[in-house]
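Engineer: This is the structure I want to talk about, given as structure tokens.
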Amino acid sequence: MTVTEPAPSAPSTGRPVLEASGVTMRFGGLLAVNDVNLTVREGEIVGLIGPNGAGKTTFFNCLTGLYKPTSGQVRFEGTPLPPKPRAVVKAGMARTFQNIRLFANMTALENVMVGRYCRTSAGALTSVLHGPKYRREEAATRARAQELLEFVGLGRSTEHLARNMPYGDQRRLEIARALATDPKLILLDEPTAGMNPQETKQASDLIFKIRDSGLSVVVIEHDMRFIFNLCDRVLCLVRGETLIEGLPGEVQSDPRVIEAYIGTGEDDDEDESSDGRPQDGPEEGR
Ligand SMILES: Nc1ncnc2c1ncn2[C@@H]1O[C@H](COP(=O)(O)OP(=O)(O)OP(=O)(O)O)[C@@H](O)[C@H]1O
């Protein structure tokens, strides 16, 4: 796992935005996440890595209110977060999903406008009557959505239907929609999955730009080069538990991390594909 470019410098010790303590999630007899702690500070980019089934997405789901953790607590800017997705978004936390979840038959602009509605105040009646308040808010929502599309590099695709957009653009559109909720923290679940190297580079540039605009970022990825070049800190989960949390260089060189991904060699017959590559290994620089 070698990295050619240096990792960005670690941010100053900003205020904690997100504090997860002792988060545990059990599905019947399966302990998917076990006593995981994570603090994300203002302006930080934190990476979450681990082999398939390590509990990364389950942990994200606990942070964003999709799952009520079996035990543990999630605090956002010092206040406990109720395990409800809407409350989490209102508090200032947005996310994207491993599998793209856009409104396929809506335009890029409409998709981003949908994300914006959690911050508008026009009630149902005002919306139906299309009164002046509704029209003012609608115009502001449209303008902000346009601005966000430009921010993510999709300024020329506003009227394209989401389903007709290239894969990398759809991922960027999802990020724009998440940004439309005015988050302080954004969680990205495998933002470069299926991307070619050029799209991956653009994704990393966009995440730096998001951080530079004042947000904190947590990102799940299997692409190790991407993670170690991007993040200020990295948390590695294995079988639902924290294996190590530290600076990218520390995590990258920890033999337990390498072992967790590629195994000790004892199970080679089971773990390797026919061409000898580990099936569940880190996808470096894909
Ligand atoms: N809703 C659920 N019900 C039961 N088991 C689940 C559920 N969601 C996840 N799991 C199990 O919890 C464990 C952790 O899964 P999770 O998807 O969080 O891992 P991951 O690290 O995100 O994996 P990947 O990198 O493959 O996306 C796995 O064993 C998975 O099968």
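Chain lettering (A, B, ...) mirrors the order of the structure tokens, residue numbering begins at 1 for each chain separately, and ligand numbering begins at 1 in order of display.
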Residues at most 12 Å from A:Phe151, counting only C-alpha atoms, excluding those fewer than 6 positions away in the same chain, as JSON, numbers by chain?
Structural biologist: {"A": [144, 145, 172, 173, 175, 176, 177, 179, 180, 205, 206, 207, 209, 210, 213]}
Engineer: Can you tell me which residues sit at most 6 Å away from ligand 1, counting only C-alpha atoms and all ligand atoms, written as a PyMOL selection string?
Structural biologist: chain A and resi 27+32+51-58
Engineer: Grab the residues selected above and save them as a PDB file, in the first residue's frame with C-alpha atoms.
Structural biologist:
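Resulting contents of out.pdb:
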ATOM      1  CA  PHE A  27     -28.787  -7.651  14.287  1.00  0.00           C
ATOM      2  CA  ALA A  32     -22.277  -5.619  13.269  1.00  0.00           C
ATOM      3  CA  PRO A  51     -12.795  -5.066   4.662  1.00  0.00           C
ATOM      4  CA  ASN A  52     -16.226  -6.006   3.301  1.00  0.00           C
ATOM      5  CA  GLY A  53     -18.725  -6.588   6.088  1.00  0.00           C
ATOM      6  CA  ALA A  54     -16.618  -4.700   8.658  1.00  0.00           C
ATOM      7  CA  GLY A  55     -19.612  -2.593   9.718  1.00  0.00           C
ATOM      8  CA  LYS A  56     -18.793   0.710   7.980  1.00  0.00           C
ATOM      9  CA  THR A  57     -22.215   1.317   6.411  1.00  0.00           C
ATOM     10  CA  THR A  58     -23.994   0.088   9.539  1.00  0.00           C
TER      11      THR A  58
END
Engineer: Once DSSP has gone over the backbone, tell me which residues of stretch 4-225 of chain A are in strand (DSSP E or B), as a count of residues only.
Structural biologist: 52
Engineer: Between A:Val40, A:Val23, A:Val17, A:Met93, which one has atoms that come closest to A:Gly240, using only C-alpha atoms?
Structural biologist: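 Smallest distance to A:Gly240 is found for A:Val23.
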Engineer: Could you check the closest approach to A:Thr141 for each of A:Thr96, A:Ser204, A:Ser21, A:Thr181 and tell me which residue wins, using only C-alpha atoms?
Structural biologist: A:Thr181
Engineer: When distances are computed from only C-alpha atoms, which of A:Ile100, A:Ile186, A:Leu38, A:Ala20 shows the smallest separation from A:Pro69?
Structural biologist: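 Ranking A:Ile100, A:Ile186, A:Leu38, A:Ala20 by distance to A:Pro69, first place goes to A:Ala20.
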Engineer: Taking only C-alpha atoms into account, which of A:Thr242, A:Ser253, A:Gln198, A:Thr64 comes nearest A:Gly22?
Structural biologist: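 For A:Gly22, the nearest of the given residues is A:Thr242.
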Engineer: Considering only C-alpha atoms, return as a ChimeraX atom specification whatever protein or nucleic-acid residues lie within 9 Å of stretch 83-92 of chain A, sequence-local ones (same chain, fewer than 3 positions apart) excluded.
Structural biologist: /A:62-69,74,76-77,95,118-119,181-186
Engineer: Name all residues at most 7 Å from stretch 102-108 of chain A (count only C-alpha atoms; drop same-chain ones fewer than 5 positions away) and give them as a list in words.
Structural biologist: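 The filter keeps Ser157, Thr158, Glu159, His160, Leu161, Ala162, Arg163, Leu173 and Glu174 of chain A.
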Engineer: Convert the current residue selection to file output with N, CA and C atoms, as a PDB file, in the first residue's frame.
Structural biologist:
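Result file out.pdb:
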ATOM      1  N   SER A 157     -25.301  20.953 -16.675  1.00  0.00           N
ATOM      2  CA  SER A 157     -26.180  19.780 -16.781  1.00  0.00           C
ATOM      3  C   SER A 157     -27.492  19.965 -16.053  1.00  0.00           C
ATOM      4  N   THR A 158     -27.839  21.197 -15.726  1.00  0.00           N
ATOM      5  CA  THR A 158     -29.005  21.426 -14.863  1.00  0.00           C
ATOM      6  C   THR A 158     -30.290  20.804 -15.400  1.00  0.00           C
ATOM      7  N   GLU A 159     -30.472  20.836 -16.710  1.00  0.00           N
ATOM      8  CA  GLU A 159     -31.732  20.339 -17.274  1.00  0.00           C
ATOM      9  C   GLU A 159     -31.646  18.880 -17.727  1.00  0.00           C
ATOM     10  N   HIS A 160     -30.513  18.228 -17.476  1.00  0.00           N
ATOM     11  CA  HIS A 160     -30.397  16.820 -17.866  1.00  0.00           C
ATOM     12  C   HIS A 160     -31.159  15.940 -16.888  1.00  0.00           C
ATOM     13  N   LEU A 161     -31.821  14.922 -17.423  1.00  0.00           N
ATOM     14  CA  LEU A 161     -32.480  13.970 -16.539  1.00  0.00           C
ATOM     15  C   LEU A 161     -31.407  13.161 -15.826  1.00  0.00           C
ATOM     16  N   ALA A 162     -31.608  12.930 -14.534  1.00  0.00           N
ATOM     17  CA  ALA A 162     -30.589  12.229 -13.735  1.00  0.00           C
ATOM     18  C   ALA A 162     -30.211  10.897 -14.373  1.00  0.00           C
ATOM     19  N   ARG A 163     -31.235  10.172 -14.882  1.00  0.00           N
ATOM     20  CA  ARG A 163     -30.941   8.828 -15.403  1.00  0.00           C
ATOM     21  C   ARG A 163     -30.069   8.841 -16.656  1.00  0.00           C
ATOM     22  N   LEU A 173     -23.939  14.668  -8.482  1.00  0.00           N
ATOM     23  CA  LEU A 173     -25.286  15.205  -8.284  1.00  0.00           C
ATOM     24  C   LEU A 173     -25.810  14.825  -6.888  1.00  0.00           C
ATOM     25  N   GLU A 174     -25.526  13.594  -6.477  1.00  0.00           N
ATOM     26  CA  GLU A 174     -25.933  13.170  -5.124  1.00  0.00           C
ATOM     27  C   GLU A 174     -25.277  14.048  -4.065  1.00  0.00           C
TER      28      GLU A 174
END
Engineer: Per DSSP on the backbone, what are the alpha helix (DSSP H) residues of stretch 49-253 of chain A, as a PyMOL selection string?
Structural biologist: chain A and resi 56-63+85-91+108-116+124-129+132-151+167-179+197-212+224-230+248-253
Engineer: Just how far from atom CA of A:Glu259 is atom CA of A:Val217, in Å to one decimal?
Structural biologist: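 That distance, rounded to one decimal, is 26.9 Å.
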Engineer: Quick one: residues within 9 Å of A:Cys236, only C-alpha atoms counted, chain neighbours fewer than 6 positions away excluded, as a list in words?
Structural biologist: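 Close residues of A:Cys236: Gly47, Leu48, Ile49, Gly50, Pro51, Ala54, Lys56, Thr242, Leu243, Ile244, Glu245, Gly246, Val251 and Val257 of chain A.
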Engineer: Could you check how far atom CA of A:Leu30 sits from atom CA of A:Thr192, in Å to one decimal?
Structural biologist: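 Straight-line distance from atom CA of A:Leu30 to atom CA of A:Thr192 works out to 28.5 Å.
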